[in-house]
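Enquirer: Structure file model_29.pdb (PDB, C-alpha atoms and all ligand atoms) is given on the next line.
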ATOM      1  CA  MET A   1    -146.399 -16.678-103.605
ATOM      2  CA  THR A   2    -144.223 -14.140-101.842
ATOM      3  CA  LEU A   3    -141.938 -15.368 -99.096
ATOM      4  CA  ARG A   4    -142.124 -13.682 -95.725
ATOM      5  CA  PRO A   5    -138.694 -12.228 -94.819
ATOM      6  CA  HIS A   6    -136.922 -13.574 -91.725
ATOM      7  CA  THR A   7    -137.559 -11.530 -88.603
ATOM      8  CA  PRO A   8    -134.578 -10.119 -86.644
ATOM      9  CA  ALA A   9    -135.260 -12.693 -83.913
ATOM     10  CA  GLU A  10    -135.207 -15.553 -86.435
ATOM     11  CA  ARG A  11    -131.891 -14.292 -87.808
ATOM     12  CA  MET A  12    -130.450 -14.060 -84.275
ATOM     13  CA  VAL A  13    -131.367 -17.697 -83.674
ATOM     14  CA  ALA A  14    -129.944 -18.895 -87.001
ATOM     15  CA  GLN A  15    -126.786 -16.796 -86.967
ATOM     16  CA  VAL A  16    -125.843 -16.721 -83.277
ATOM     17  CA  LEU A  17    -127.629 -19.305 -81.139
ATOM     18  CA  THR A  18    -127.617 -22.373 -83.408
ATOM     19  CA  PRO A  19    -123.953 -21.961 -84.494
ATOM     20  CA  ALA A  20    -123.002 -21.587 -80.803
ATOM     21  CA  GLY A  21    -124.485 -25.019 -80.078
ATOM     22  CA  ILE A  22    -127.939 -24.259 -78.672
ATOM     23  CA  THR A  23    -130.003 -27.265 -79.761
ATOM     24  CA  ASP A  24    -133.109 -27.231 -77.551
ATOM     25  CA  GLU A  25    -135.842 -26.479 -80.084
ATOM     26  CA  ARG A  26    -138.270 -25.135 -77.466
ATOM     27  CA  THR A  27    -135.698 -22.579 -76.282
ATOM     28  CA  LEU A  28    -134.916 -21.558 -79.873
ATOM     29  CA  GLU A  29    -138.602 -21.240 -80.757
ATOM     30  CA  ALA A  30    -139.291 -19.083 -77.691
ATOM     31  CA  MET A  31    -136.412 -16.791 -78.635
ATOM     32  CA  ARG A  32    -137.697 -16.504 -82.201
ATOM     33  CA  ARG A  33    -141.066 -15.405 -80.857
ATOM     34  CA  ILE A  34    -140.239 -12.900 -78.095
ATOM     35  CA  PRO A  35    -139.520  -9.424 -79.528
ATOM     36  CA  ARG A  36    -136.379  -8.390 -77.647
ATOM     37  CA  GLU A  37    -136.737  -4.715 -78.635
ATOM     38  CA  ASN A  38    -139.902  -4.473 -76.470
ATOM     39  CA  PHE A  39    -137.692  -4.802 -73.382
ATOM     40  CA  LEU A  40    -135.408  -1.879 -74.234
ATOM     41  CA  GLU A  41    -135.790   1.867 -74.245
ATOM     42  CA  GLU A  42    -136.351   3.508 -77.624
ATOM     43  CA  ALA A  43    -132.739   4.605 -78.215
ATOM     44  CA  LEU A  44    -131.373   1.035 -77.830
ATOM     45  CA  ARG A  45    -133.940  -0.825 -79.904
ATOM     46  CA  ALA A  46    -131.839  -0.874 -83.083
ATOM     47  CA  GLN A  47    -129.230  -2.920 -81.155
ATOM     48  CA  ALA A  48    -131.741  -5.372 -79.691
ATOM     49  CA  TYR A  49    -130.524  -8.467 -81.568
ATOM     50  CA  GLY A  50    -126.758  -8.072 -81.253
ATOM     51  CA  ASN A  51    -125.097 -10.732 -79.116
ATOM     52  CA  TYR A  52    -124.254  -8.437 -76.219
ATOM     53  CA  ALA A  53    -125.755  -7.247 -72.943
ATOM     54  CA  LEU A  54    -127.588  -3.906 -72.957
ATOM     55  CA  PRO A  55    -128.427  -1.397 -70.199
ATOM     56  CA  ILE A  56    -131.996  -1.380 -68.833
ATOM     57  CA  GLY A  57    -131.623   1.438 -66.278
ATOM     58  CA  GLN A  58    -130.979   1.313 -62.509
ATOM     59  CA  GLY A  59    -127.415   0.150 -63.284
ATOM     60  CA  GLN A  60    -128.734  -3.234 -64.492
ATOM     61  CA  THR A  61    -128.439  -5.062 -67.831
ATOM     62  CA  LEU A  62    -130.436  -7.255 -70.174
ATOM     63  CA  SER A  63    -128.340 -10.412 -70.627
ATOM     64  CA  GLN A  64    -126.930 -11.209 -74.070
ATOM     65  CA  PRO A  65    -129.013 -13.595 -76.194
ATOM     66  CA  LEU A  66    -126.557 -16.509 -76.016
ATOM     67  CA  THR A  67    -126.524 -16.341 -72.214
ATOM     68  CA  VAL A  68    -130.341 -16.325 -72.075
ATOM     69  CA  ALA A  69    -130.418 -19.329 -74.426
ATOM     70  CA  THR A  70    -127.701 -21.235 -72.538
ATOM     71  CA  MET A  71    -129.457 -20.760 -69.184
ATOM     72  CA  THR A  72    -132.908 -21.611 -70.531
ATOM     73  CA  GLN A  73    -131.642 -24.753 -72.260
ATOM     74  CA  ALA A  74    -129.792 -25.831 -69.110
ATOM     75  CA  LEU A  75    -133.076 -25.936 -67.158
ATOM     76  CA  ALA A  76    -134.212 -28.801 -69.456
ATOM     77  CA  LEU A  77    -137.877 -27.765 -69.346
ATOM     78  CA  ARG A  78    -140.639 -29.735 -71.064
ATOM     79  CA  GLY A  79    -143.576 -27.399 -70.596
ATOM     80  CA  ASP A  80    -145.403 -28.410 -67.422
ATOM     81  CA  GLU A  81    -143.031 -26.902 -64.842
ATOM     82  CA  ALA A  82    -143.257 -24.153 -62.231
ATOM     83  CA  VAL A  83    -140.079 -22.068 -62.496
ATOM     84  CA  LEU A  84    -138.645 -19.551 -60.028
ATOM     85  CA  GLU A  85    -136.564 -16.749 -61.547
ATOM     86  CA  ILE A  86    -134.412 -14.429 -59.427
ATOM     87  CA  GLY A  87    -133.599 -11.081 -61.095
ATOM     88  CA  THR A  88    -136.480 -10.160 -63.403
ATOM     89  CA  GLY A  89    -134.734  -7.073 -64.799
ATOM     90  CA  SER A  90    -136.428  -6.122 -68.073
ATOM     91  CA  GLY A  91    -138.559  -9.272 -68.068
ATOM     92  CA  TYR A  92    -137.045 -10.601 -71.316
ATOM     93  CA  GLN A  93    -135.800 -13.853 -69.772
ATOM     94  CA  THR A  94    -139.098 -14.100 -67.893
ATOM     95  CA  ALA A  95    -140.980 -13.919 -71.202
ATOM     96  CA  VAL A  96    -138.772 -16.607 -72.762
ATOM     97  CA  LEU A  97    -139.423 -18.846 -69.734
ATOM     98  CA  ALA A  98    -143.167 -18.167 -69.944
ATOM     99  CA  LEU A  99    -143.196 -19.831 -73.367
ATOM    100  CA  VAL A 100    -141.350 -22.970 -72.276
ATOM    101  CA  CYS A 101    -142.926 -23.800 -68.900
ATOM    102  CA  ARG A 102    -146.343 -23.708 -67.201
ATOM    103  CA  GLN A 103    -145.867 -20.868 -64.688
ATOM    104  CA  VAL A 104    -143.039 -18.443 -63.917
ATOM    105  CA  TYR A 105    -142.555 -16.841 -60.485
ATOM    106  CA  SER A 106    -140.037 -14.026 -60.721
ATOM    107  CA  VAL A 107    -138.487 -11.856 -57.992
ATOM    108  CA  GLU A 108    -136.805  -8.493 -58.634
ATOM    109  CA  ARG A 109    -135.138  -6.298 -56.042
ATOM    110  CA  LEU A 110    -135.815  -2.929 -57.695
ATOM    111  CA  LEU A 111    -139.434  -1.790 -57.833
ATOM    112  CA  PRO A 112    -139.140   0.408 -60.976
ATOM    113  CA  LEU A 113    -137.916  -2.658 -62.892
ATOM    114  CA  VAL A 114    -140.758  -4.796 -61.478
ATOM    115  CA  LEU A 115    -143.327  -2.317 -62.759
ATOM    116  CA  ARG A 116    -141.749  -2.064 -66.206
ATOM    117  CA  ALA A 117    -141.304  -5.834 -66.561
ATOM    118  CA  ARG A 118    -144.959  -6.423 -65.664
ATOM    119  CA  LYS A 119    -145.971  -3.964 -68.367
ATOM    120  CA  ASN A 120    -143.686  -5.589 -70.935
ATOM    121  CA  LEU A 121    -145.199  -9.025 -70.317
ATOM    122  CA  GLU A 122    -148.717  -7.677 -70.333
ATOM    123  CA  GLN A 123    -148.131  -6.056 -73.738
ATOM    124  CA  LEU A 124    -147.194  -9.462 -75.140
ATOM    125  CA  GLY A 125    -150.291 -11.044 -73.615
ATOM    126  CA  LEU A 126    -148.223 -13.361 -71.402
ATOM    127  CA  LYS A 127    -150.337 -14.269 -68.379
ATOM    128  CA  ASN A 128    -148.377 -17.127 -66.818
ATOM    129  CA  ALA A 129    -145.702 -15.051 -65.087
ATOM    130  CA  MET A 130    -145.998 -13.477 -61.645
ATOM    131  CA  ILE A 131    -143.462 -10.819 -60.675
ATOM    132  CA  ARG A 132    -142.893  -9.443 -57.211
ATOM    133  CA  ALA A 133    -140.479  -6.989 -55.602
ATOM    134  CA  GLY A 134    -138.199  -8.446 -52.956
ATOM    135  CA  ASP A 135    -134.912 -10.104 -52.077
ATOM    136  CA  GLY A 136    -134.698 -13.199 -54.256
ATOM    137  CA  THR A 137    -131.812 -14.657 -52.265
ATOM    138  CA  MET A 138    -134.591 -15.750 -49.892
ATOM    139  CA  GLY A 139    -136.439 -17.431 -52.756
ATOM    140  CA  TRP A 140    -140.254 -17.280 -52.858
ATOM    141  CA  ASN A 141    -141.485 -19.670 -50.201
ATOM    142  CA  GLU A 142    -145.197 -19.352 -50.951
ATOM    143  CA  TYR A 143    -145.114 -21.408 -54.177
ATOM    144  CA  ALA A 144    -142.149 -23.688 -53.358
ATOM    145  CA  PRO A 145    -140.974 -26.240 -54.258
ATOM    146  CA  TYR A 146    -140.096 -25.313 -57.848
ATOM    147  CA  ASP A 147    -139.278 -27.659 -60.706
ATOM    148  CA  ALA A 148    -136.496 -25.317 -61.796
ATOM    149  CA  ILE A 149    -134.802 -22.173 -60.486
ATOM    150  CA  LEU A 150    -132.888 -19.616 -62.543
ATOM    151  CA  VAL A 151    -130.770 -16.859 -61.041
ATOM    152  CA  THR A 152    -129.828 -14.102 -63.499
ATOM    153  CA  ALA A 153    -127.422 -12.143 -61.265
ATOM    154  CA  GLY A 154    -123.970 -13.205 -60.073
ATOM    155  CA  SER A 155    -123.626 -14.564 -56.547
ATOM    156  CA  PRO A 156    -120.538 -15.198 -54.367
ATOM    157  CA  THR A 157    -122.055 -18.516 -53.239
ATOM    158  CA  VAL A 158    -125.282 -20.457 -53.859
ATOM    159  CA  PRO A 159    -128.004 -19.285 -51.429
ATOM    160  CA  GLN A 160    -128.986 -22.377 -49.393
ATOM    161  CA  THR A 161    -132.638 -21.282 -49.449
ATOM    162  CA  LEU A 162    -132.764 -21.856 -53.194
ATOM    163  CA  PHE A 163    -131.627 -25.485 -52.830
ATOM    164  CA  GLU A 164    -134.352 -25.946 -50.237
ATOM    165  CA  GLN A 165    -137.015 -24.542 -52.565
ATOM    166  CA  LEU A 166    -135.948 -26.808 -55.456
ATOM    167  CA  ARG A 167    -137.979 -29.956 -56.066
ATOM    168  CA  GLU A 168    -136.351 -33.397 -56.186
ATOM    169  CA  GLY A 169    -135.284 -33.965 -59.802
ATOM    170  CA  GLY A 170    -135.157 -30.205 -60.458
ATOM    171  CA  ARG A 171    -132.407 -28.011 -61.826
ATOM    172  CA  LEU A 172    -130.933 -24.769 -60.480
ATOM    173  CA  VAL A 173    -128.912 -22.524 -62.807
ATOM    174  CA  ILE A 174    -126.819 -19.759 -61.219
ATOM    175  CA  PRO A 175    -123.706 -17.697 -62.002
ATOM    176  CA  VAL A 176    -121.288 -18.167 -59.082
ATOM    177  CA  GLY A 177    -118.021 -16.392 -58.298
ATOM    178  CA  PRO A 178    -116.338 -13.045 -57.710
ATOM    179  CA  ALA A 179    -117.943  -9.788 -58.878
ATOM    180  CA  GLU A 180    -115.727  -9.445 -61.989
ATOM    181  CA  SER A 181    -116.457 -12.853 -63.545
ATOM    182  CA  GLN A 182    -118.581 -15.855 -62.645
ATOM    183  CA  GLU A 183    -118.965 -19.456 -63.713
ATOM    184  CA  LEU A 184    -122.406 -20.476 -64.872
ATOM    185  CA  GLN A 185    -123.295 -23.532 -62.788
ATOM    186  CA  VAL A 186    -126.120 -26.056 -63.114
ATOM    187  CA  PHE A 187    -127.166 -28.076 -60.072
ATOM    188  CA  HIS A 188    -129.325 -31.166 -60.509
ATOM    189  CA  LYS A 189    -131.099 -32.351 -57.344
ATOM    190  CA  SER A 190    -131.288 -36.111 -57.577
ATOM    191  CA  GLU A 191    -131.990 -38.590 -54.746
ATOM    192  CA  GLY A 192    -131.453 -35.785 -52.259
ATOM    193  CA  GLU A 193    -128.001 -35.043 -53.634
ATOM    194  CA  LEU A 194    -126.800 -32.128 -55.724
ATOM    195  CA  HIS A 195    -124.804 -32.798 -58.872
ATOM    196  CA  ARG A 196    -122.950 -29.852 -60.335
ATOM    197  CA  GLU A 197    -122.008 -29.084 -63.904
ATOM    198  CA  ALA A 198    -120.208 -25.978 -65.230
ATOM    199  CA  LEU A 199    -121.365 -24.167 -68.366
ATOM    200  CA  GLY A 200    -118.500 -21.731 -68.827
ATOM    201  CA  ASP A 201    -117.760 -18.205 -67.707
ATOM    202  CA  ALA A 202    -120.048 -15.216 -67.889
ATOM    203  CA  ARG A 203    -120.320 -11.758 -66.403
ATOM    204  CA  PHE A 204    -123.477 -10.728 -64.587
ATOM    205  CA  VAL A 205    -124.509  -7.803 -62.402
ATOM    206  CA  LYS A 206    -124.402  -8.528 -58.671
ATOM    207  CA  LEU A 207    -127.002 -10.518 -56.795
ATOM    208  CA  VAL A 208    -127.543  -8.112 -53.900
ATOM    209  CA  GLY A 209    -129.259  -9.452 -50.804
ATOM    210  CA  ALA A 210    -129.164 -11.279 -47.486
ATOM    211  CA  HIS A 211    -127.520 -14.371 -49.082
ATOM    212  CA  GLY A 212    -125.727 -12.585 -51.927
ATOM    213  CA  TRP A 213    -123.533  -9.464 -52.038
ATOM    214  CA  ASN A 214    -123.927  -6.624 -49.560
ATOM    215  CA  HIS A 215    -125.470  -3.464 -50.919
ATOM    216  CA  ARG A 216    -122.602  -1.401 -52.554
TER     217      ARG A 216
HETATM  218  N1  LIG A 301    -132.928 -11.541 -66.757
HETATM  219  C1  LIG A 301    -132.817 -10.109 -66.742
HETATM  220  C2  LIG A 301    -131.431  -9.716 -66.351
HETATM  221  C3  LIG A 301    -131.447  -8.605 -65.366
HETATM  222  S1  LIG A 301    -129.911  -8.276 -64.583
HETATM  223  C4  LIG A 301    -133.238  -9.545 -68.080
HETATM  224  O1  LIG A 301    -133.481 -10.349 -68.962
HETATM  225  O2  LIG A 301    -133.393  -8.328 -68.238
HETATM  226  C5  LIG A 301    -130.167  -9.001 -62.995
HETATM  227  C6  LIG A 301    -131.278  -8.430 -62.171
HETATM  228  O3  LIG A 301    -131.197  -9.016 -60.873
HETATM  229  C7  LIG A 301    -131.242  -6.922 -61.954
HETATM  230  O4  LIG A 301    -132.434  -6.372 -62.412
HETATM  231  C8  LIG A 301    -131.098  -6.776 -60.432
HETATM  232  O5  LIG A 301    -131.803  -5.663 -59.907
HETATM  233  C9  LIG A 301    -131.681  -8.076 -59.937
HETATM  234  N2  LIG A 301    -131.277  -8.490 -58.605
HETATM  235  C10 LIG A 301    -130.075  -8.342 -57.994
HETATM  236  N3  LIG A 301    -130.115  -8.864 -56.750
HETATM  237  C11 LIG A 301    -131.370  -9.356 -56.564
HETATM  238  C12 LIG A 301    -132.031 -10.022 -55.491
HETATM  239  N4  LIG A 301    -131.424 -10.304 -54.329
HETATM  240  N5  LIG A 301    -133.319 -10.369 -55.658
HETATM  241  C13 LIG A 301    -133.976 -10.108 -56.804
HETATM  242  N6  LIG A 301    -133.406  -9.485 -57.853
HETATM  243  C14 LIG A 301    -132.114  -9.118 -57.742
END
Show the structure stored in the file as structure tokens.
Ligand code: SAH
Expert:
Amino acid sequence: MTLRPHTPAERMVAQVLTPAGITDERTLEAMRRIPRENFLEEALRAQAYGNYALPIGQGQTLSQPLTVATMTQALALRGDEAVLEIGTGSGYQTAVLALVCRQVYSVERLLPLVLRARKNLEQLGLKNAMIRAGDGTMGWNEYAPYDAILVTAGSPTVPQTLFEQLREGGRLVIPVGPAESQELQVFHKSEGELHREALGDARFVKLVGAHGWNHR
């Protein structure tokens, strides 16, 4: 019998995510399965599995693998949840979420990115993610409340609307702080109260919108 070689995604999980303390097996399995190179333009594909952020056009970035893993794990998903994502970008994080929950609702501000992300997910045959163009700082009222909410752009404060669209018992993960550096925060809504936990510092592009940063 001939052994199948490890894929680049499997190596990324074994060499970067597991040593860094990511233990949620469903998150790790999703990240082994989603081909990260599909979400990048041709010229950047050779760098797809390095642990760094990469440009996706429109001045935006695909988050580094450890950040995607940390945020996904922090949502503590079991598989039957409806998840709201703000900041679709390339759709990579959306695809990872699609493998670990029931339905993803994702909002992206920039239409060219919406169109590309939809195509990326379609190519992988992922049907349980809906992506729309709009200002995600207003959430997505139509399908609220959500079991979990993930914001993948940095915000000066937590948009109140997102707390309102979060189900009792649900978790909200969001990078909060000044434009240069944010703290990744997890809010757990329990008995009507919000409990906060910090997951360390990270640097994200700006959340631009009515309840985020002003344009420019
Ligand atoms: N998770 C993405 C990361 C994209 S970077 C990925 O895996 O590729 C963050 C994204 O948030 C950018 O695409 C940016 O355009 C978007 N964004 C910024 N402000 C937003 C807002 N108010 N509503 C929706 N999307 C927003």
Enquirer: For each of A:Glu164, A:Glu122, A:Glu37, A:Glu183, take the minimum atom-to-atom distance to ligand LIG 301 (chain A), counting all atoms listed in the file, then give the residue where this is smallest.
Expert: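 Looking at the shortest contact to ligand LIG 301 (chain A), the residue is A:Glu37.
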Enquirer: Can you tell me, as AutoDock Vina command-line options, the centre and edge lengths (Å, one decimal) of the axis-aligned box enclosing all of ligand LIG 301 (chain A)'s listed atoms after padding each side by 5 Å?
Expert:
--center_x -131.9 --center_y -8.6 --center_z -61.6 --size_x 14.1 --size_y 15.9 --size_z 24.6
Enquirer: Between A:Gln93, A:Ser155, A:Thr137, A:Thr67, which one has atoms that come closest to Leu199 in chain A, using only C-alpha atoms?
Expert: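 Closest to Leu199 in chain A, using only C-alpha atoms: A:Thr67.
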Enquirer: Give me the residues of chain A that have any atom at most 8 Å from an atom of ligand LIG 301 (chain A); for each, the nearest atom pair and the distance in Å, rounded to one decimal. Use all atoms listed in the file, sort by chain and number, and format it as JSON lines.
Expert:
{"residue": "A:Phe39", "atom": "CA", "partner": "A:LIG301", "partner_atom": "O2", "distance": 7.6}
{"residue": "A:Ile56", "atom": "CA", "partner": "A:LIG301", "partner_atom": "O2", "distance": 7.1}
{"residue": "A:Gln58", "atom": "CA", "partner": "A:LIG301", "partner_atom": "O5", "distance": 7.5}
{"residue": "A:Gln60", "atom": "CA", "partner": "A:LIG301", "partner_atom": "C7", "distance": 5.1}
{"residue": "A:Thr61", "atom": "CA", "partner": "A:LIG301", "partner_atom": "S1", "distance": 4.8}
{"residue": "A:Leu62", "atom": "CA", "partner": "A:LIG301", "partner_atom": "O2", "distance": 3.7}
{"residue": "A:Ser63", "atom": "CA", "partner": "A:LIG301", "partner_atom": "C2", "distance": 5.3}
{"residue": "A:Val68", "atom": "CA", "partner": "A:LIG301", "partner_atom": "O1", "distance": 7.4}
{"residue": "A:Ile86", "atom": "CA", "partner": "A:LIG301", "partner_atom": "C13", "distance": 5.1}
{"residue": "A:Gly87", "atom": "CA", "partner": "A:LIG301", "partner_atom": "O3", "distance": 3.2}
{"residue": "A:Thr88", "atom": "CA", "partner": "A:LIG301", "partner_atom": "C1", "distance": 5.0}
{"residue": "A:Gly89", "atom": "CA", "partner": "A:LIG301", "partner_atom": "O4", "distance": 3.4}
{"residue": "A:Ser90", "atom": "CA", "partner": "A:LIG301", "partner_atom": "O2", "distance": 3.8}
{"residue": "A:Gly91", "atom": "CA", "partner": "A:LIG301", "partner_atom": "O2", "distance": 5.3}
{"residue": "A:Tyr92", "atom": "CA", "partner": "A:LIG301", "partner_atom": "O1", "distance": 4.3}
{"residue": "A:Gln93", "atom": "CA", "partner": "A:LIG301", "partner_atom": "O1", "distance": 4.3}
{"residue": "A:Thr94", "atom": "CA", "partner": "A:LIG301", "partner_atom": "N1", "distance": 6.8}
{"residue": "A:Val107", "atom": "CA", "partner": "A:LIG301", "partner_atom": "C13", "distance": 5.0}
{"residue": "A:Glu108", "atom": "CA", "partner": "A:LIG301", "partner_atom": "N6", "distance": 3.6}
{"residue": "A:Arg109", "atom": "CA", "partner": "A:LIG301", "partner_atom": "N6", "distance": 4.1}
{"residue": "A:Leu110", "atom": "CA", "partner": "A:LIG301", "partner_atom": "O5", "distance": 5.3}
{"residue": "A:Leu113", "atom": "CA", "partner": "A:LIG301", "partner_atom": "O4", "distance": 6.6}
{"residue": "A:Ala133", "atom": "CA", "partner": "A:LIG301", "partner_atom": "C13", "distance": 7.3}
{"residue": "A:Gly134", "atom": "CA", "partner": "A:LIG301", "partner_atom": "N5", "distance": 5.9}
{"residue": "A:Asp135", "atom": "CA", "partner": "A:LIG301", "partner_atom": "N5", "distance": 3.9}
{"residue": "A:Gly136", "atom": "CA", "partner": "A:LIG301", "partner_atom": "N5", "distance": 3.4}
{"residue": "A:Thr137", "atom": "CA", "partner": "A:LIG301", "partner_atom": "N4", "distance": 4.8}
{"residue": "A:Met138", "atom": "CA", "partner": "A:LIG301", "partner_atom": "N4", "distance": 7.7}
{"residue": "A:Val151", "atom": "CA", "partner": "A:LIG301", "partner_atom": "O3", "distance": 7.9}
{"residue": "A:Thr152", "atom": "CA", "partner": "A:LIG301", "partner_atom": "C5", "distance": 5.1}
{"residue": "A:Ala153", "atom": "CA", "partner": "A:LIG301", "partner_atom": "C5", "distance": 4.5}
{"residue": "A:Phe204", "atom": "CA", "partner": "A:LIG301", "partner_atom": "S1", "distance": 6.9}
{"residue": "A:Val205", "atom": "CA", "partner": "A:LIG301", "partner_atom": "C5", "distance": 5.8}
{"residue": "A:Lys206", "atom": "CA", "partner": "A:LIG301", "partner_atom": "C10", "distance": 5.7}
{"residue": "A:Leu207", "atom": "CA", "partner": "A:LIG301", "partner_atom": "N3", "distance": 3.5}
{"residue": "A:Val208", "atom": "CA", "partner": "A:LIG301", "partner_atom": "N3", "distance": 3.9}
{"residue": "A:Gly209", "atom": "CA", "partner": "A:LIG301", "partner_atom": "N4", "distance": 4.2}
{"residue": "A:Ala210", "atom": "CA", "partner": "A:LIG301", "partner_atom": "N4", "distance": 7.3}
{"residue": "A:His211", "atom": "CA", "partner": "A:LIG301", "partner_atom": "N4", "distance": 7.7}
{"residue": "A:Gly212", "atom": "CA", "partner": "A:LIG301", "partner_atom": "N4", "distance": 6.6}
Enquirer: List the residues selected by the PyMOL selection byres (((chain A and resi 17) around 12) and not hetatm) in the file shown, writing them as an NGL selection string.
Expert: :A and (9-16 or 18-25 or 27-29 or 31-32 or 49-51 or 64-70 or 73)
Enquirer: Using only C-alpha atoms, which of the listed residues (A:Leu54, A:Leu150, A:Leu124, A:Ala30) sits closest to Ala82 in chain A?
Expert: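 Checking each of A:Leu54, A:Leu150, A:Leu124, A:Ala30 against Ala82 in chain A, counting only C-alpha atoms, the winner is A:Leu150.
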Enquirer: Would you write out, as a ChimeraX atom specification, every residue that the PyMOL selection byres (((chain A and resi 149) around 6) and not hetatm) captures in this file?
Expert: /A:83-85,148,150,172
